[in-house]
>>> print(open('structure_31.tsv').read())   # TSV, C-alpha atoms and all ligand atoms
chain	number	residue	atom	x	y	z
A	521	MET	CA	-9.97	-19.05	-3.93
A	522	THR	CA	-8.60	-15.53	-3.83
A	523	ASN	CA	-6.98	-14.43	-0.63
A	524	TYR	CA	-8.20	-10.87	0.00
A	525	ILE	CA	-6.03	-8.59	2.08
A	526	ILE	CA	-7.18	-5.77	4.35
A	527	ALA	CA	-4.32	-3.40	5.17
A	528	PRO	CA	-5.21	-0.58	7.59
A	529	SER	CA	-3.09	2.54	6.99
A	530	ILE	CA	-1.75	3.97	10.24
A	531	LEU	CA	-1.71	7.42	8.62
A	532	SER	CA	-5.15	7.91	10.18
A	533	ALA	CA	-4.27	6.34	13.55
A	534	ASP	CA	-3.93	8.19	16.85
A	535	PHE	CA	-0.14	8.13	17.22
A	536	THR	CA	-0.36	8.55	20.99
A	537	GLN	CA	-2.08	5.14	21.00
A	538	LEU	CA	-0.27	3.50	18.12
A	539	ALA	CA	0.50	0.11	19.70
A	540	SER	CA	-3.03	-0.44	21.02
A	541	GLN	CA	-4.61	0.70	17.75
A	542	ILE	CA	-2.42	-1.71	15.77
A	543	ALA	CA	-3.34	-4.46	18.25
A	544	ALA	CA	-7.03	-3.65	17.68
A	545	CYS	CA	-6.48	-4.05	13.92
A	546	GLU	CA	-4.76	-7.38	14.46
A	547	SER	CA	-7.47	-8.78	16.71
A	548	ALA	CA	-10.19	-7.59	14.31
A	549	GLY	CA	-8.63	-9.66	11.53
A	550	ALA	CA	-6.52	-7.20	9.56
A	551	ASP	CA	-4.01	-8.95	7.31
A	552	TRP	CA	-1.23	-6.36	6.96
A	553	ILE	CA	-0.41	-2.99	8.50
A	554	HIS	CA	0.19	-0.28	5.87
A	555	VAL	CA	2.76	2.41	6.70
A	556	ASP	CA	2.81	5.60	4.61
A	557	VAL	CA	6.26	7.18	4.40
A	558	MET	CA	6.24	10.75	3.03
A	559	ASP	CA	9.16	13.16	2.59
A	560	GLY	CA	7.57	16.56	1.92
A	561	HIS	CA	9.13	16.54	-1.58
A	562	PHE	CA	7.55	13.82	-3.66
A	563	VAL	CA	4.29	14.45	-1.81
A	564	PRO	CA	3.24	17.59	0.08
A	565	ASN	CA	3.27	16.01	3.54
A	566	MET	CA	5.78	14.47	5.94
A	567	THR	CA	5.14	11.41	8.05
A	568	VAL	CA	7.33	8.67	9.46
A	569	GLY	CA	10.58	6.84	8.80
A	570	PRO	CA	12.34	3.62	9.83
A	571	LEU	CA	12.04	4.51	13.53
A	572	ILE	CA	8.25	4.11	13.48
A	573	VAL	CA	8.43	1.03	11.26
A	574	GLU	CA	10.68	-0.52	13.90
A	575	ALA	CA	8.16	0.43	16.61
A	576	CYS	CA	5.32	-1.11	14.56
A	577	ARG	CA	7.44	-4.24	14.15
A	578	ARG	CA	7.49	-4.62	17.93
A	579	ALA	CA	3.73	-3.91	18.20
A	580	THR	CA	2.45	-6.66	15.90
A	581	LYS	CA	3.23	-9.92	14.14
A	582	LEU	CA	1.35	-8.80	11.02
A	583	PRO	CA	3.33	-8.08	7.87
A	584	LEU	CA	4.28	-4.40	7.52
A	585	ASP	CA	3.38	-3.06	4.07
A	586	VAL	CA	5.55	0.03	3.67
A	587	HIS	CA	4.59	2.57	0.98
A	588	LEU	CA	7.51	4.87	0.16
A	589	MET	CA	6.30	8.24	-1.12
A	590	ILE	CA	9.83	9.64	-1.13
A	591	GLU	CA	12.39	10.81	-3.65
A	592	LYS	CA	15.36	8.51	-4.26
A	593	PRO	CA	13.83	5.63	-2.25
A	594	GLU	CA	16.82	3.42	-3.11
A	595	ARG	CA	18.81	5.31	-0.43
A	596	TYR	CA	16.57	3.96	2.34
A	597	LEU	CA	15.69	0.40	1.33
A	598	GLU	CA	18.19	-1.24	3.71
A	599	ALA	CA	17.06	0.94	6.60
A	600	PHE	CA	13.39	0.02	6.14
A	601	ALA	CA	14.19	-3.65	5.64
A	602	GLU	CA	16.28	-3.68	8.83
A	603	ALA	CA	13.45	-1.89	10.66
A	604	GLY	CA	11.22	-4.86	9.87
A	605	ALA	CA	9.32	-3.99	6.69
A	606	SER	CA	7.79	-7.06	5.03
A	607	GLY	CA	7.10	-5.28	1.76
A	608	LEU	CA	8.52	-2.11	0.25
A	609	THR	CA	6.54	-0.32	-2.43
A	610	VAL	CA	8.20	2.35	-4.56
A	611	HIS	CA	6.71	4.86	-6.96
A	612	VAL	CA	7.72	4.49	-10.59
A	613	GLU	CA	7.78	8.31	-10.78
A	614	THR	CA	10.70	8.36	-8.29
A	615	CYS	CA	12.73	5.49	-9.75
A	616	PRO	CA	14.69	6.04	-12.98
A	617	HIS	CA	16.10	2.53	-12.47
A	618	ILE	CA	12.93	0.81	-11.35
A	619	HIS	CA	14.11	-2.59	-12.63
A	620	ARG	CA	17.21	-2.43	-10.42
A	621	THR	CA	15.26	-1.03	-7.46
A	622	LEU	CA	12.72	-3.88	-7.48
A	623	GLU	CA	15.51	-6.45	-7.67
A	624	HIS	CA	17.23	-4.67	-4.79
A	625	ILE	CA	14.06	-4.91	-2.66
A	626	ARG	CA	13.77	-8.63	-3.37
A	627	SER	CA	17.44	-9.13	-2.49
A	628	LEU	CA	16.66	-7.68	0.95
A	629	GLY	CA	14.06	-10.40	1.48
A	630	CYS	CA	11.10	-8.04	1.15
A	631	ARG	CA	8.06	-8.22	-1.12
A	632	ALA	CA	8.81	-5.85	-4.00
A	633	GLY	CA	6.01	-3.42	-4.77
A	634	VAL	CA	5.65	-0.90	-7.56
A	635	THR	CA	3.08	1.87	-7.63
A	636	LEU	CA	1.91	4.75	-9.77
A	637	ASN	CA	0.01	7.98	-9.18
A	638	PRO	CA	-3.44	8.58	-10.66
A	639	GLY	CA	-1.87	10.74	-13.39
A	640	THR	CA	0.73	8.15	-14.44
A	641	PRO	CA	-0.17	5.76	-17.28
A	642	VAL	CA	-0.05	1.98	-16.87
A	643	VAL	CA	2.59	1.62	-19.61
A	644	MET	CA	5.13	3.08	-17.19
A	645	ILE	CA	5.12	-0.11	-15.09
A	646	ASP	CA	4.55	-2.58	-17.90
A	647	PRO	CA	8.25	-3.47	-18.40
A	648	VAL	CA	8.71	-4.45	-14.74
A	649	LEU	CA	5.43	-6.22	-13.93
A	650	HIS	CA	7.22	-9.58	-13.89
A	651	LEU	CA	9.53	-8.28	-11.14
A	652	ALA	CA	6.73	-7.11	-8.87
A	653	ASP	CA	5.28	-9.10	-5.98
A	654	LEU	CA	2.73	-6.34	-5.54
A	655	VAL	CA	1.33	-3.61	-7.77
A	656	LEU	CA	-0.33	-0.71	-5.99
A	657	VAL	CA	-2.79	1.54	-7.79
A	658	LEU	CA	-3.15	4.90	-6.05
A	659	THR	CA	-6.83	5.75	-6.11
A	660	VAL	CA	-6.24	9.27	-4.75
A	661	ASN	CA	-3.37	11.70	-5.25
A	662	PRO	CA	-1.05	10.60	-2.44
A	663	GLY	CA	-0.21	12.81	0.52
A	664	PHE	CA	-3.20	12.79	2.81
A	665	GLY	CA	-5.76	10.43	4.27
A	666	GLY	CA	-9.47	11.03	3.99
A	667	GLN	CA	-9.63	12.04	0.32
A	668	ALA	CA	-12.37	11.00	-2.09
A	669	PHE	CA	-11.83	7.92	-4.29
A	670	LEU	CA	-11.03	8.87	-7.90
A	671	SER	CA	-13.23	6.79	-10.20
A	672	GLU	CA	-10.91	7.51	-13.16
A	673	THR	CA	-8.54	4.93	-11.65
A	674	ILE	CA	-10.94	1.99	-12.11
A	675	GLY	CA	-9.87	1.49	-15.73
A	676	LYS	CA	-6.23	1.27	-14.63
A	677	ILE	CA	-7.04	-1.48	-12.13
A	678	THR	CA	-8.83	-3.46	-14.84
A	679	GLU	CA	-5.93	-2.96	-17.22
A	680	ILE	CA	-3.27	-4.02	-14.71
A	681	ARG	CA	-5.33	-7.08	-13.71
A	682	ARG	CA	-5.46	-8.07	-17.39
A	683	ARG	CA	-1.69	-7.60	-17.80
A	684	LEU	CA	-0.82	-9.50	-14.61
A	685	ASP	CA	-3.05	-12.40	-15.61
A	686	GLY	CA	-1.53	-12.25	-19.09
A	687	ILE	CA	1.97	-12.93	-17.77
A	688	GLY	CA	0.77	-15.46	-15.20
A	689	SER	CA	1.75	-13.20	-12.29
A	690	GLU	CA	0.37	-13.87	-8.85
A	691	ALA	CA	1.37	-10.41	-7.60
A	692	TYR	CA	-1.07	-8.71	-5.30
A	693	LEU	CA	-3.06	-5.93	-6.93
A	694	GLU	CA	-3.50	-3.40	-4.16
A	695	VAL	CA	-5.51	-0.17	-4.04
A	696	ASP	CA	-4.96	2.79	-1.74
A	697	GLY	CA	-7.02	5.92	-1.20
A	698	GLY	CA	-10.69	6.48	-0.47
A	699	ILE	CA	-11.33	2.76	0.10
A	700	ALA	CA	-14.39	2.14	2.28
A	701	SER	CA	-17.28	-0.32	2.18
A	702	ASN	CA	-18.94	1.62	-0.67
A	703	THR	CA	-15.89	1.79	-2.96
A	704	LEU	CA	-14.34	-1.59	-2.11
A	705	PRO	CA	-16.74	-3.70	-4.22
A	706	ILE	CA	-16.00	-1.50	-7.26
A	707	VAL	CA	-12.22	-1.99	-7.04
A	708	LYS	CA	-12.61	-5.65	-6.16
A	709	ASN	CA	-14.72	-6.20	-9.30
A	710	ALA	CA	-12.03	-4.43	-11.31
A	711	GLY	CA	-9.52	-7.02	-10.07
A	712	ALA	CA	-7.95	-5.66	-6.88
A	713	ASN	CA	-7.28	-8.15	-4.08
A	714	ALA	CA	-5.53	-6.03	-1.43
A	715	PHE	CA	-7.27	-3.05	0.11
A	716	VAL	CA	-5.55	-0.24	2.02
A	717	SER	CA	-7.85	1.81	4.18
A	718	GLY	CA	-6.99	4.59	6.62
A	719	SER	CA	-9.94	6.71	7.64
A	720	ALA	CA	-12.51	3.94	7.09
A	721	VAL	CA	-10.69	1.96	9.80
A	722	PHE	CA	-9.19	4.41	12.30
A	723	LYS	CA	-11.90	7.06	12.04
A	724	TYR	CA	-14.81	4.67	11.66
A	725	PRO	CA	-17.58	6.02	13.93
A	726	ARG	CA	-18.10	2.71	15.77
A	727	GLY	CA	-14.41	2.00	16.18
A	728	ILE	CA	-11.53	0.17	14.53
A	729	GLN	CA	-12.95	-3.33	14.91
A	730	ALA	CA	-16.31	-2.38	13.38
A	731	GLY	CA	-14.48	-0.58	10.56
A	732	ILE	CA	-12.49	-3.67	9.65
A	733	TRP	CA	-15.56	-5.89	9.87
A	734	ALA	CA	-17.43	-3.53	7.53
A	735	LEU	CA	-14.62	-3.84	4.99
A	736	ARG	CA	-14.58	-7.64	5.38
A	737	GLU	CA	-18.34	-7.70	4.77
A	738	ALA	CA	-17.89	-5.54	1.66
A	739	ILE	CA	-15.42	-8.12	0.31
A	740	GLY	CA	-18.27	-10.61	0.64
B	801	LIG	C1	-2.47	8.32	0.62
B	801	LIG	C2	-1.90	7.18	1.43
B	801	LIG	C3	-2.94	6.27	1.92
B	801	LIG	C4	-3.90	6.89	2.90
B	801	LIG	C5	-5.25	6.32	2.65
B	801	LIG	O1	-1.52	9.28	0.51
B	801	LIG	O2	-1.00	6.46	0.63
B	801	LIG	O3	-2.42	5.05	2.42
B	801	LIG	O4	-3.56	6.68	4.24
B	801	LIG	O5	-6.14	6.95	3.49
B	801	LIG	P1	-7.71	6.86	3.24
B	801	LIG	O6	-8.09	5.43	3.32
B	801	LIG	O7	-8.26	7.69	4.36
B	801	LIG	O8	-7.98	7.46	1.89
B	802	ZN	ZN	-0.36	4.30	1.19
>>> encode(input="structure_31.tsv", output="structure tokens", more="lines below")
Ligand code: DX5
Ligand code: ZN
Amino acid sequence: MTNYIIAPSILSADFTQLASQIAACESAGADWIHVDVMDGHFVPNMTVGPLIVEACRRATKLPLDVHLMIEKPERYLEAFAEAGASGLTVHVETCPHIHRTLEHIRSLGCRAGVTLNPGTPVVMIDPVLHLADLVLVLTVNPGFGGQAFLSETIGKITEIRRRLDGIGSEAYLEVDGGIASNTLPIVKNAGANAFVSGSAVFKYPRGIQAGIWALREAIG
């Protein structure tokens, strides 16, 4: 039976209440906490660094799924691992030596994740799929929460699922961007098994717990 993962993205959290909002996610049954790291270069927004990852580490026992939207991510892998990241996901667009970078992440004891933007073709990650513990398909252009799901990405999810199954990989196939109870069944049917959601959790009208339950119900 597939183990489906719900990973709330704290990008949409109220940072004055970060610990209690993460605790609400944990008690509502979230599986991982997703942390979006942005540098204002690779993506047009700036967010958090190892300091906040370390604070999240003290706020929850859940695995911390850290998404690095930064240039030259290899410079910061140790710092995020020491801060308590459980998984580190790097963009293929930022890694000329992606093979080495994924091996480096594994050597730090973290789950090695590779991801690609909506405009990047699947062939870019093909040579390193066997080194990935997680493949993340961006279903919006990264940088901001609350954007609309891009349906053009569905074919990429299907394709990556086929390739992972083809090599016998048990890597998670994660999706991120515009995931809510209406879009989740579409990406699940395409083969995704880990779902990042920011606004549909933290800005859900009836609260964080109800938001997570709605996603769990959409998984079925
Ligand atoms: C996009 C980030 C996402 C974002 C998702 O740049 O990588 O993790 O927080 O937010 P929603 O779920 O609101 O699209
Ligand atoms: Zn993300």
>>> residues_near_ligand(input="structure_31.tsv", ligand="ligand ZN 802 (chain B)", cutoff="6 Å", atoms="all atoms listed in the file", output="short mmCIF file (atom, residue, chain, number, x, y, z; two decimals) with C-alpha atoms, in the coordinates of the input")
data_model
loop_
_atom_site.label_atom_id
_atom_site.label_comp_id
_atom_site.auth_asym_id
_atom_site.auth_seq_id
_atom_site.Cartn_x
_atom_site.Cartn_y
_atom_site.Cartn_z
CA ASP A 556 2.81 5.60 4.61
CA HIS A 587 4.59 2.57 0.98
CA ASP A 696 -4.96 2.79 -1.74
#
>>> atom_distance(input="structure_31.tsv", atom1="CA of Leu636 in chain A", atom2="CA of Leu656 in chain A")
7.0 Å
>>> residues_near_ligand(input="structure_31.tsv", ligand="ligand LIG 801 (chain B)", cutoff="7 Å", atoms="all atoms listed in the file", output="compact mmCIF listing (two decimals) with C-alpha atoms, keeping the file's coordinate frame")
# COMPACT_ATOMS: atom_id res chain seq x y z
CA SER A 529 -3.09 2.54 6.99
CA ILE A 530 -1.75 3.97 10.24
CA LEU A 531 -1.71 7.42 8.62
CA SER A 532 -5.15 7.91 10.18
CA HIS A 554 0.19 -0.28 5.87
CA ASP A 556 2.81 5.60 4.61
CA HIS A 587 4.59 2.57 0.98
CA VAL A 660 -6.24 9.27 -4.75
CA ASN A 661 -3.37 11.70 -5.25
CA PRO A 662 -1.05 10.60 -2.44
CA GLY A 663 -0.21 12.81 0.52
CA PHE A 664 -3.20 12.79 2.81
CA GLY A 665 -5.76 10.43 4.27
CA GLY A 666 -9.47 11.03 3.99
CA GLN A 667 -9.63 12.04 0.32
CA ALA A 668 -12.37 11.00 -2.09
CA ASP A 696 -4.96 2.79 -1.74
CA GLY A 697 -7.02 5.92 -1.20
CA GLY A 698 -10.69 6.48 -0.47
CA ILE A 699 -11.33 2.76 0.10
CA VAL A 716 -5.55 -0.24 2.02
CA SER A 717 -7.85 1.81 4.18
CA GLY A 718 -6.99 4.59 6.62
CA SER A 719 -9.94 6.71 7.64
CA ALA A 720 -12.51 3.94 7.09
>>> residues_around(input="structure_31.tsv", residues="Ile728 in chain A", least_positions_apart="3", cutoff="8 Å", atoms="all atoms listed in the file", output="number ranges by chain")
A: 541, 544-545, 548, 721-724, 731-732
>>> closest_residue(input="structure_31.tsv", among="A:Ala543, A:Val563, A:Val612, A:Val643", to="Ala579 in chain A", atoms="only C-alpha atoms")
A:Ala543
>>> atom_distance(input="structure_31.tsv", atom1="CA of Glu679 in chain A", atom2="CA of Asp653 in chain A")
17.0 Å
>>> residues_near_point(input="structure_31.tsv", point="(2.2, -5.6, 4.5)", cutoff="7 Å", atoms="all atoms listed in the file", output="count of residues only")
10
>>> closest_residue(input="structure_31.tsv", among="A:His561, A:His624, A:Arg736, A:His611", to="Leu704 in chain A", atoms="all atoms listed in the file")
A:Arg736
>>> closest_residue(input="structure_31.tsv", among="A:Asp551, A:Asp559, A:Glu598, A:Glu574", to="Pro528 in chain A", atoms="all atoms listed in the file")
A:Asp551
>>> closest_residue(input="structure_31.tsv", among="A:Ala599, A:Leu538, A:Val657, A:Val557", to="Thr678 in chain A", atoms="only C-alpha atoms")
A:Val657
>>> atom_distance(input="structure_31.tsv", atom1="CA of Glu591 in chain A", atom2="CA of Glu672 in chain A")
25.4 Å
>>> residues_near_point(input="structure_31.tsv", point="(4.7, -7.0, -5.0)", cutoff="12 Å", atoms="only C-alpha atoms", output="PyMOL selection string")
chain A and resi 585-587+606-610+622-623+625-626+629-635+648-657+684+689-694+714
>>> residues_around(input="structure_31.tsv", residues="Gly740 in chain A", least_positions_apart="5", cutoff="10 Å", atoms="only C-alpha atoms", output="list in words")
Pro705, Ala734 and Leu735 of chain A
>>> closest_residue(input="structure_31.tsv", among="A:Thr621, A:Thr614, A:Asn523, A:Ser547", to="Lys708 in chain A", atoms="all atoms listed in the file")
A:Asn523
>>> closest_residue(input="structure_31.tsv", among="A:Ile526, A:Val555, A:Ile618, A:Ala601", to="Glu737 in chain A", atoms="all atoms listed in the file")
A:Ile526
>>> build_atoms(input="structure_31.tsv", residues="range 532-556 of chain A", atoms="N, CA, C and O atoms", output="PDB file, in the frame of the given file")
ATOM      1  N   SER A 532      -3.975   7.347   9.499  1.00  0.00           N
ATOM      2  CA  SER A 532      -5.150   7.910  10.180  1.00  0.00           C
ATOM      3  C   SER A 532      -5.247   7.479  11.645  1.00  0.00           C
ATOM      4  O   SER A 532      -6.251   7.761  12.304  1.00  0.00           O
ATOM      5  N   ALA A 533      -4.228   6.795  12.150  1.00  0.00           N
ATOM      6  CA  ALA A 533      -4.270   6.340  13.550  1.00  0.00           C
ATOM      7  C   ALA A 533      -3.993   7.502  14.509  1.00  0.00           C
ATOM      8  O   ALA A 533      -3.490   8.554  14.113  1.00  0.00           O
ATOM      9  N   ASP A 534      -4.317   7.270  15.768  1.00  0.00           N
ATOM     10  CA  ASP A 534      -3.930   8.190  16.850  1.00  0.00           C
ATOM     11  C   ASP A 534      -2.544   7.754  17.298  1.00  0.00           C
ATOM     12  O   ASP A 534      -2.385   6.713  17.936  1.00  0.00           O
ATOM     13  N   PHE A 535      -1.524   8.557  16.973  1.00  0.00           N
ATOM     14  CA  PHE A 535      -0.140   8.130  17.220  1.00  0.00           C
ATOM     15  C   PHE A 535       0.212   8.108  18.707  1.00  0.00           C
ATOM     16  O   PHE A 535       1.232   7.534  19.078  1.00  0.00           O
ATOM     17  N   THR A 536      -0.619   8.696  19.551  1.00  0.00           N
ATOM     18  CA  THR A 536      -0.360   8.550  20.990  1.00  0.00           C
ATOM     19  C   THR A 536      -0.806   7.167  21.482  1.00  0.00           C
ATOM     20  O   THR A 536      -0.485   6.774  22.595  1.00  0.00           O
ATOM     21  N   GLN A 537      -1.553   6.457  20.628  1.00  0.00           N
ATOM     22  CA  GLN A 537      -2.080   5.140  21.000  1.00  0.00           C
ATOM     23  C   GLN A 537      -1.708   4.101  19.937  1.00  0.00           C
ATOM     24  O   GLN A 537      -2.480   3.179  19.669  1.00  0.00           O
ATOM     25  N   LEU A 538      -0.565   4.294  19.318  1.00  0.00           N
ATOM     26  CA  LEU A 538      -0.270   3.500  18.120  1.00  0.00           C
ATOM     27  C   LEU A 538      -0.271   1.989  18.389  1.00  0.00           C
ATOM     28  O   LEU A 538      -0.895   1.229  17.646  1.00  0.00           O
ATOM     29  N   ALA A 539       0.395   1.563  19.452  1.00  0.00           N
ATOM     30  CA  ALA A 539       0.500   0.110  19.700  1.00  0.00           C
ATOM     31  C   ALA A 539      -0.884  -0.500  19.932  1.00  0.00           C
ATOM     32  O   ALA A 539      -1.210  -1.551  19.364  1.00  0.00           O
ATOM     33  N   SER A 540      -1.720   0.169  20.731  1.00  0.00           N
ATOM     34  CA  SER A 540      -3.030  -0.440  21.020  1.00  0.00           C
ATOM     35  C   SER A 540      -3.942  -0.378  19.782  1.00  0.00           C
ATOM     36  O   SER A 540      -4.760  -1.279  19.570  1.00  0.00           O
ATOM     37  N   GLN A 541      -3.782   0.640  18.957  1.00  0.00           N
ATOM     38  CA  GLN A 541      -4.610   0.700  17.750  1.00  0.00           C
ATOM     39  C   GLN A 541      -4.188  -0.371  16.739  1.00  0.00           C
ATOM     40  O   GLN A 541      -5.037  -0.962  16.066  1.00  0.00           O
ATOM     41  N   ILE A 542      -2.887  -0.623  16.642  1.00  0.00           N
ATOM     42  CA  ILE A 542      -2.420  -1.710  15.770  1.00  0.00           C
ATOM     43  C   ILE A 542      -2.900  -3.057  16.326  1.00  0.00           C
ATOM     44  O   ILE A 542      -3.347  -3.931  15.576  1.00  0.00           O
ATOM     45  N   ALA A 543      -2.853  -3.203  17.643  1.00  0.00           N
ATOM     46  CA  ALA A 543      -3.340  -4.460  18.250  1.00  0.00           C
ATOM     47  C   ALA A 543      -4.831  -4.645  17.966  1.00  0.00           C
ATOM     48  O   ALA A 543      -5.287  -5.773  17.717  1.00  0.00           O
ATOM     49  N   ALA A 544      -5.590  -3.554  17.983  1.00  0.00           N
ATOM     50  CA  ALA A 544      -7.030  -3.650  17.680  1.00  0.00           C
ATOM     51  C   ALA A 544      -7.232  -4.100  16.232  1.00  0.00           C
ATOM     52  O   ALA A 544      -8.130  -4.914  15.949  1.00  0.00           O
ATOM     53  N   CYS A 545      -6.402  -3.602  15.329  1.00  0.00           N
ATOM     54  CA  CYS A 545      -6.480  -4.050  13.920  1.00  0.00           C
ATOM     55  C   CYS A 545      -6.211  -5.544  13.828  1.00  0.00           C
ATOM     56  O   CYS A 545      -6.930  -6.284  13.149  1.00  0.00           O
ATOM     57  N   GLU A 546      -5.158  -5.970  14.527  1.00  0.00           N
ATOM     58  CA  GLU A 546      -4.760  -7.380  14.460  1.00  0.00           C
ATOM     59  C   GLU A 546      -5.877  -8.269  15.007  1.00  0.00           C
ATOM     60  O   GLU A 546      -6.251  -9.269  14.384  1.00  0.00           O
ATOM     61  N   SER A 547      -6.449  -7.889  16.141  1.00  0.00           N
ATOM     62  CA  SER A 547      -7.470  -8.780  16.710  1.00  0.00           C
ATOM     63  C   SER A 547      -8.775  -8.721  15.922  1.00  0.00           C
ATOM     64  O   SER A 547      -9.570  -9.659  15.970  1.00  0.00           O
ATOM     65  N   ALA A 548      -8.982  -7.663  15.143  1.00  0.00           N
ATOM     66  CA  ALA A 548     -10.190  -7.590  14.310  1.00  0.00           C
ATOM     67  C   ALA A 548     -10.011  -8.313  12.971  1.00  0.00           C
ATOM     68  O   ALA A 548     -10.941  -8.355  12.161  1.00  0.00           O
ATOM     69  N   GLY A 549      -8.822  -8.856  12.730  1.00  0.00           N
ATOM     70  CA  GLY A 549      -8.630  -9.660  11.530  1.00  0.00           C
ATOM     71  C   GLY A 549      -7.948  -8.954  10.367  1.00  0.00           C
ATOM     72  O   GLY A 549      -8.019  -9.433   9.229  1.00  0.00           O
ATOM     73  N   ALA A 550      -7.287  -7.826  10.639  1.00  0.00           N
ATOM     74  CA  ALA A 550      -6.520  -7.200   9.560  1.00  0.00           C
ATOM     75  C   ALA A 550      -5.406  -8.144   9.121  1.00  0.00           C
ATOM     76  O   ALA A 550      -4.928  -8.957   9.914  1.00  0.00           O
ATOM     77  N   ASP A 551      -5.023  -8.038   7.848  1.00  0.00           N
ATOM     78  CA  ASP A 551      -4.010  -8.950   7.310  1.00  0.00           C
ATOM     79  C   ASP A 551      -2.612  -8.346   7.333  1.00  0.00           C
ATOM     80  O   ASP A 551      -1.635  -9.042   7.583  1.00  0.00           O
ATOM     81  N   TRP A 552      -2.511  -7.071   6.959  1.00  0.00           N
ATOM     82  CA  TRP A 552      -1.230  -6.360   6.960  1.00  0.00           C
ATOM     83  C   TRP A 552      -1.460  -5.016   7.644  1.00  0.00           C
ATOM     84  O   TRP A 552      -2.610  -4.549   7.764  1.00  0.00           O
ATOM     85  N   ILE A 553      -0.367  -4.380   8.053  1.00  0.00           N
ATOM     86  CA  ILE A 553      -0.410  -2.990   8.500  1.00  0.00           C
ATOM     87  C   ILE A 553       0.325  -2.149   7.448  1.00  0.00           C
ATOM     88  O   ILE A 553       1.475  -2.444   7.104  1.00  0.00           O
ATOM     89  N   HIS A 554      -0.366  -1.130   6.940  1.00  0.00           N
ATOM     90  CA  HIS A 554       0.190  -0.280   5.870  1.00  0.00           C
ATOM     91  C   HIS A 554       0.799   0.975   6.498  1.00  0.00           C
ATOM     92  O   HIS A 554       0.154   1.667   7.290  1.00  0.00           O
ATOM     93  N   VAL A 555       2.053   1.252   6.147  1.00  0.00           N
ATOM     94  CA  VAL A 555       2.760   2.410   6.700  1.00  0.00           C
ATOM     95  C   VAL A 555       3.105   3.369   5.561  1.00  0.00           C
ATOM     96  O   VAL A 555       3.810   2.988   4.611  1.00  0.00           O
ATOM     97  N   ASP A 556       2.611   4.593   5.654  1.00  0.00           N
ATOM     98  CA  ASP A 556       2.810   5.600   4.610  1.00  0.00           C
ATOM     99  C   ASP A 556       3.989   6.497   4.969  1.00  0.00           C
ATOM    100  O   ASP A 556       3.924   7.268   5.924  1.00  0.00           O
TER     101      ASP A 556
END
